[in-house]
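What follows is the content of my_file.txt, which has compact mmCIF, C-alpha atoms:
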# COMPACT_ATOMS: atom_id res chain seq x y z
CA MET A 19 0.00 0.00 0.00
CA ILE A 20 1.09 3.57 -0.68
CA GLU A 21 -0.46 5.13 2.41
CA ASN A 22 2.12 6.33 4.96
CA LYS A 23 5.09 5.19 2.88
CA VAL A 24 8.01 7.61 2.91
CA VAL A 25 8.86 8.38 -0.71
CA ILE A 26 11.88 10.33 -1.95
CA ILE A 27 11.47 11.79 -5.45
CA THR A 28 14.36 13.38 -7.34
CA GLY A 29 13.63 15.71 -10.22
CA ALA A 30 10.42 16.61 -8.41
CA SER A 31 10.11 20.19 -9.64
CA SER A 32 8.40 19.38 -12.95
CA GLY A 33 7.27 16.66 -15.34
CA ILE A 34 7.17 13.07 -14.16
CA GLY A 35 8.52 13.92 -10.71
CA GLU A 36 5.91 16.58 -10.04
CA ALA A 37 3.06 14.42 -11.36
CA THR A 38 4.21 11.47 -9.26
CA ALA A 39 4.47 13.59 -6.12
CA LYS A 40 0.92 14.87 -6.50
CA LEU A 41 -0.54 11.43 -7.21
CA LEU A 42 1.26 9.67 -4.36
CA ALA A 43 0.34 12.50 -1.98
CA LYS A 44 -3.33 11.97 -2.79
CA GLN A 45 -2.85 8.30 -1.89
CA GLY A 46 -1.33 9.07 1.50
CA ALA A 47 2.42 8.95 0.90
CA GLN A 48 4.79 11.09 2.96
CA LEU A 49 7.00 12.85 0.46
CA VAL A 50 10.58 14.08 0.38
CA LEU A 51 10.96 16.27 -2.70
CA ALA A 52 14.29 17.01 -4.37
CA ALA A 53 15.32 19.19 -7.30
CA ARG A 54 17.57 22.18 -7.99
CA ARG A 55 14.82 24.82 -8.31
CA GLU A 56 13.71 25.84 -4.84
CA ASP A 57 10.85 28.02 -6.04
CA ARG A 58 9.25 25.06 -7.79
CA LEU A 59 9.77 22.83 -4.78
CA LYS A 60 8.16 25.38 -2.45
CA THR A 61 5.14 25.65 -4.73
CA LEU A 62 4.78 21.89 -4.98
CA GLN A 63 5.09 21.43 -1.23
CA LYS A 64 2.38 24.04 -0.67
CA GLU A 65 0.04 22.38 -3.21
CA ILE A 66 0.51 18.99 -1.55
CA GLU A 67 -0.12 20.37 1.92
CA GLU A 68 -3.25 22.15 0.70
CA LEU A 69 -4.50 18.75 -0.46
CA GLY A 70 -3.93 17.42 3.05
CA GLY A 71 -0.69 15.65 2.20
CA LYS A 72 2.69 15.63 3.91
CA ALA A 73 5.83 16.86 2.17
CA VAL A 74 9.24 18.30 2.88
CA TYR A 75 11.80 19.36 0.33
CA GLN A 76 15.51 19.85 -0.04
CA VAL A 77 17.34 21.56 -2.88
CA THR A 78 19.51 18.77 -4.27
CA ASP A 79 22.00 18.35 -7.09
CA VAL A 80 22.04 14.60 -7.75
CA THR A 81 25.57 14.82 -9.17
CA ASP A 82 26.80 15.59 -5.64
CA ALA A 83 26.78 12.40 -3.57
CA SER A 84 26.90 14.29 -0.28
CA GLN A 85 23.73 16.20 -1.16
CA VAL A 86 21.93 12.95 -2.03
CA ASP A 87 23.11 11.38 1.23
CA ALA A 88 21.69 14.39 3.08
CA LEU A 89 18.38 13.90 1.27
CA ALA A 90 18.07 10.32 2.49
CA LYS A 91 18.95 11.46 6.02
CA LEU A 92 16.23 14.12 5.81
CA ALA A 93 13.68 11.43 4.99
CA GLN A 94 14.80 9.25 7.90
CA ASP A 95 15.00 12.12 10.37
CA THR A 96 11.64 13.62 9.37
CA PHE A 97 9.46 10.57 8.85
CA GLY A 98 11.36 7.72 10.53
CA SER A 99 12.02 5.52 7.52
CA VAL A 100 13.05 5.45 3.86
CA ASP A 101 10.53 3.27 2.04
CA VAL A 102 10.71 4.29 -1.63
CA LEU A 103 13.18 6.15 -3.82
CA VAL A 104 12.07 7.38 -7.24
CA ASN A 105 15.29 8.14 -9.11
CA ASN A 106 13.70 10.46 -11.65
CA ALA A 107 16.19 13.30 -12.23
CA GLY A 108 17.52 13.17 -15.79
CA LEU A 109 18.61 15.11 -18.86
CA MET A 110 18.17 14.43 -22.58
CA PRO A 111 20.32 16.77 -24.73
CA LEU A 112 20.15 14.66 -27.88
CA SER A 113 22.75 15.18 -30.59
CA LYS A 114 24.60 13.17 -33.21
CA LEU A 115 28.06 12.03 -32.25
CA ASN A 116 29.75 14.07 -34.98
CA LYS A 117 28.62 17.24 -33.19
CA ASN A 118 31.11 16.29 -30.44
CA LYS A 119 29.08 17.90 -27.65
CA GLN A 120 31.36 16.62 -24.91
CA ASP A 121 29.99 18.88 -22.18
CA GLU A 122 26.51 17.49 -22.82
CA TRP A 123 27.83 13.93 -22.84
CA ASN A 124 29.52 14.48 -19.49
CA THR A 125 26.41 16.05 -18.00
CA MET A 126 24.24 13.12 -19.09
CA VAL A 127 26.65 10.62 -17.57
CA ASP A 128 26.82 12.62 -14.33
CA VAL A 129 23.05 13.08 -13.93
CA ASN A 130 21.56 10.02 -15.62
CA ILE A 131 24.03 7.40 -14.36
CA LYS A 132 25.97 8.76 -11.40
CA GLY A 133 22.87 10.48 -10.02
CA VAL A 134 21.03 7.15 -10.02
CA LEU A 135 23.96 5.42 -8.36
CA TYR A 136 24.25 8.11 -5.69
CA GLY A 137 20.55 7.73 -4.95
CA ILE A 138 20.88 3.97 -4.57
CA GLY A 139 23.96 4.37 -2.40
CA ALA A 140 22.21 6.89 -0.17
CA VAL A 141 19.09 4.86 0.59
CA LEU A 142 20.42 1.29 0.70
CA PRO A 143 21.84 1.51 4.24
CA TYR A 144 18.41 2.51 5.61
CA MET A 145 16.55 -0.07 3.52
CA ARG A 146 18.97 -2.88 4.39
CA GLU A 147 18.67 -2.10 8.09
CA GLN A 148 14.87 -2.09 8.01
CA LYS A 149 14.82 -5.13 5.67
CA ARG A 150 12.44 -3.53 3.20
CA GLY A 151 12.38 -0.88 0.55
CA HIS A 152 11.68 -0.07 -3.07
CA ILE A 153 13.94 1.69 -5.57
CA ILE A 154 12.34 2.89 -8.81
CA ASN A 155 14.70 4.04 -11.54
CA ILE A 156 13.45 5.95 -14.57
CA SER A 157 15.01 4.64 -17.75
CA SER A 158 13.46 5.25 -21.19
CA VAL A 159 12.34 3.62 -24.41
CA ALA A 160 15.78 4.90 -25.47
CA GLY A 161 17.15 2.35 -23.01
CA HIS A 162 15.70 -0.37 -25.25
CA ASP A 163 16.23 1.08 -28.72
CA VAL A 164 18.94 3.42 -30.06
CA MET A 165 18.03 6.08 -32.60
CA PRO A 166 20.22 8.54 -34.51
CA SER A 167 21.09 11.35 -32.06
CA SER A 168 20.36 9.19 -28.98
CA ALA A 169 23.65 7.26 -28.76
CA VAL A 170 24.88 8.83 -25.53
CA TYR A 171 21.45 9.31 -23.98
CA SER A 172 20.54 5.71 -24.82
CA GLY A 173 23.85 4.60 -23.34
CA THR A 174 22.93 6.22 -20.04
CA LYS A 175 19.47 4.68 -20.06
CA PHE A 176 20.73 1.19 -20.97
CA ALA A 177 23.06 1.65 -17.98
CA VAL A 178 20.10 2.47 -15.71
CA ARG A 179 18.42 -0.77 -16.73
CA ALA A 180 21.60 -2.78 -16.08
CA ILE A 181 22.16 -1.11 -12.70
CA THR A 182 18.56 -1.75 -11.66
CA GLU A 183 18.69 -5.42 -12.63
CA GLY A 184 21.94 -5.80 -10.70
CA LEU A 185 20.32 -4.14 -7.71
CA ARG A 186 17.40 -6.54 -7.89
CA LYS A 187 19.65 -9.60 -7.94
CA GLU A 188 21.75 -8.31 -5.05
CA GLU A 189 19.05 -7.05 -2.69
CA SER A 190 15.62 -8.53 -3.36
CA VAL A 191 15.95 -12.00 -1.83
CA GLU A 192 18.23 -11.21 1.10
CA ASN A 193 16.89 -7.82 2.12
CA ASN A 194 13.35 -7.61 0.66
CA ILE A 195 14.28 -4.54 -1.40
CA ARG A 196 12.31 -4.29 -4.61
CA ALA A 197 13.73 -2.77 -7.80
CA THR A 198 11.64 -1.35 -10.64
CA ILE A 199 12.60 0.05 -14.03
CA ILE A 200 10.12 2.45 -15.63
CA SER A 201 10.85 3.10 -19.33
CA PRO A 202 8.71 5.91 -20.75
CA GLY A 203 8.31 6.75 -24.40
CA ALA A 204 7.54 10.30 -25.45
CA VAL A 205 6.28 12.31 -22.47
CA ASP A 206 5.26 15.96 -22.43
CA THR A 207 7.97 17.26 -20.07
CA GLU A 208 10.86 19.72 -20.07
CA LEU A 209 13.33 17.07 -21.29
CA LYS A 210 13.17 18.30 -24.86
CA ASP A 211 14.16 21.78 -23.69
CA HIS A 212 17.66 20.46 -23.00
CA ILE A 213 18.26 19.78 -26.71
CA THR A 214 20.54 22.37 -28.29
CA ASP A 215 20.35 20.97 -31.83
CA GLU A 216 17.34 22.81 -33.27
CA GLU A 217 16.68 20.28 -36.05
CA ILE A 218 16.50 17.40 -33.61
CA LYS A 219 14.50 19.47 -31.14
CA GLN A 220 11.91 20.19 -33.83
CA GLY A 221 11.61 16.49 -34.68
CA ILE A 222 11.10 15.56 -31.04
CA GLY A 223 8.49 18.28 -30.73
CA ASN A 224 6.39 16.63 -33.45
CA LEU A 225 5.92 13.42 -31.44
CA LYS A 226 2.49 12.82 -29.90
CA ALA A 227 3.58 12.71 -26.27
CA MET A 228 1.84 11.32 -23.22
CA ASP A 229 0.98 13.44 -20.22
CA ALA A 230 3.34 12.92 -17.27
CA ASP A 231 0.39 11.57 -15.27
CA ALA A 232 0.62 8.35 -17.30
CA ILE A 233 4.05 7.62 -15.86
CA ALA A 234 2.96 8.68 -12.39
CA ARG A 235 0.19 6.08 -12.54
CA ALA A 236 2.71 3.39 -13.54
CA ILE A 237 4.92 4.32 -10.60
CA ALA A 238 1.94 4.27 -8.23
CA TYR A 239 0.97 0.81 -9.51
CA ALA A 240 4.44 -0.57 -8.77
CA VAL A 241 4.56 1.01 -5.30
CA ASN A 242 1.04 -0.14 -4.42
CA GLU A 243 1.68 -3.84 -5.00
CA PRO A 244 2.05 -5.91 -1.81
CA ALA A 245 5.53 -6.54 -0.43
CA ASP A 246 5.70 -10.06 -1.85
CA VAL A 247 5.16 -8.79 -5.42
CA ALA A 248 7.92 -7.00 -7.32
CA VAL A 249 7.03 -5.15 -10.51
CA ASN A 250 10.45 -5.24 -12.13
CA GLU A 251 9.93 -3.38 -15.38
CA ILE A 252 7.30 -1.30 -17.17
CA LEU A 253 7.73 0.02 -20.72
CA ILE A 254 5.05 2.56 -21.60
CA ARG A 255 4.63 4.50 -24.85
CA PRO A 256 2.02 6.75 -26.41
CA THR A 257 -0.27 4.63 -28.56
CA ALA A 258 0.77 6.67 -31.59
CA GLN A 259 4.51 6.22 -31.05
CA GLN A 260 6.21 3.69 -33.32
As structure tokens:
Amino acid sequence: MIENKVVIITGASSGIGEATAKLLAKQGAQLVLAARREDRLKTLQKEIEELGGKAVYQVTDVTDASQVDALAKLAQDTFGSVDVLVNNAGLMPLSKLNKNKQDEWNTMVDVNIKGVLYGIGAVLPYMREQKRGHIINISSVAGHDVMPSSAVYSGTKFAVRAITEGLRKEESVENNIRATIISPGAVDTELKDHITDEEIKQGIGNLKAMDADAIARAIAYAVNEPADVAVNEILIRPTAQQ
């Protein structure tokens, strides 16, 4: 059940993270919200509290392991446990390899891979001690299929799937820690705003994208299953996406 679970959400200031926070709050979760934009976090916290929910926030850069560790500690200190982590923070500056956008490559590796690892590393001590927990990592359809311009982004999202499967095999049986991969197709979020190649950005903009609520519902489904059921992977696309 979702009610009273303590849920940490990274990338909570918009898109999938924001939609997930609002949905889980309505279902009784106690939320710890993380992102870099404090104004957005304050607004989201206020909206959740006005709905009768419980939420705290902390400005967090997921590329800084110490900040992610502090986020997990905030959850434990505030609510007494760390039940669920939604590793949602991510970037998608698509470009073809010949453009040699090394700064963007490095940023994707830092946020999309290292950020996920830092999240796992931060919450596992609490989850292992309490012998329960659930880590949900957001991959992508691009983590299943590589397209022109997605080589590096897809590489990061294939890595998320591999890391999550390794986590499952290491922690599920011994410590009752569930691991879930959510792989969205085109979603109407700010991800496309990170693309600096205007031609590619235009092509992405023409896709018929899902609302972020669709992914929030998938996350809620995985969290809501009983402790003896692990939803390991969900791949979800718009009906109109090839």
Excluding stretch 35-51 of chain A and its own-chain neighbours fewer than 4 positions away, which residues fall within 6 Å of it when counting all atoms listed in the file? Please give them as a PDB file with C-alpha atoms, in the frame of the given file.
ATOM      1  CA  ILE A  20       1.090   3.570  -0.680  1.00  0.00           C
ATOM      2  CA  GLU A  21      -0.460   5.130   2.410  1.00  0.00           C
ATOM      3  CA  ASN A  22       2.120   6.330   4.960  1.00  0.00           C
ATOM      4  CA  LYS A  23       5.090   5.190   2.880  1.00  0.00           C
ATOM      5  CA  VAL A  24       8.010   7.610   2.910  1.00  0.00           C
ATOM      6  CA  VAL A  25       8.860   8.380  -0.710  1.00  0.00           C
ATOM      7  CA  ILE A  26      11.880  10.330  -1.950  1.00  0.00           C
ATOM      8  CA  ILE A  27      11.470  11.790  -5.450  1.00  0.00           C
ATOM      9  CA  GLY A  29      13.630  15.710 -10.220  1.00  0.00           C
ATOM     10  CA  ALA A  30      10.420  16.610  -8.410  1.00  0.00           C
ATOM     11  CA  SER A  31      10.110  20.190  -9.640  1.00  0.00           C
ATOM     12  CA  GLY A  71      -0.690  15.650   2.200  1.00  0.00           C
ATOM     13  CA  LYS A  72       2.690  15.630   3.910  1.00  0.00           C
ATOM     14  CA  ALA A  73       5.830  16.860   2.170  1.00  0.00           C
ATOM     15  CA  VAL A  74       9.240  18.300   2.880  1.00  0.00           C
ATOM     16  CA  TYR A  75      11.800  19.360   0.330  1.00  0.00           C
ATOM     17  CA  ASP A 231       0.390  11.570 -15.270  1.00  0.00           C
ATOM     18  CA  ALA A 234       2.960   8.680 -12.390  1.00  0.00           C
TER      19      ALA A 234
END
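The two atoms in question, atom CA of A:Asn105 and atom CA of A:Ile153, are spaced 7.5 Å apart.
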Please provide the set of residues having any atom within 9 Å of A:Ile195, restricted to all atoms listed in the file, with same-chain residues fewer than 2 positions apart removed, written as number ranges by chain. A: 142, 145-146, 149-153, 185-186, 189-193, 197
For atom CA of A:Ser158 and atom CA of A:Val241, quote the distance in Å rounded to one decimal. 18.7 Å
When you count only C-alpha atoms, which of these residues is closest to A:Glu243: A:Met228, A:Asp79, A:Met19, A:Ser201?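 With only C-alpha atoms as the atom set, the closest residue is A:Met19.
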Please write as a VMD selection string the list of polymer residues whose atoms come within 8 Å of (23.6, 18.8, -23.0), counting only C-alpha atoms and keeping to the coordinates of the file. chain A and resid 109 to 112 119 121 to 123 125 to 126 212 to 214
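Neighbours of stretch 83-93 of chain A closer than or equal to 8 Å, with all atoms listed in the file counted and sequence neighbours fewer than 5 positions away skipped, come out as Val24, Ile26, Val50, Ala52, Gln76, Thr78, Gly98, Ser99, Val100, Gly133, Tyr136, Gly137, Gly139, Ala140 and Val141 of chain A.
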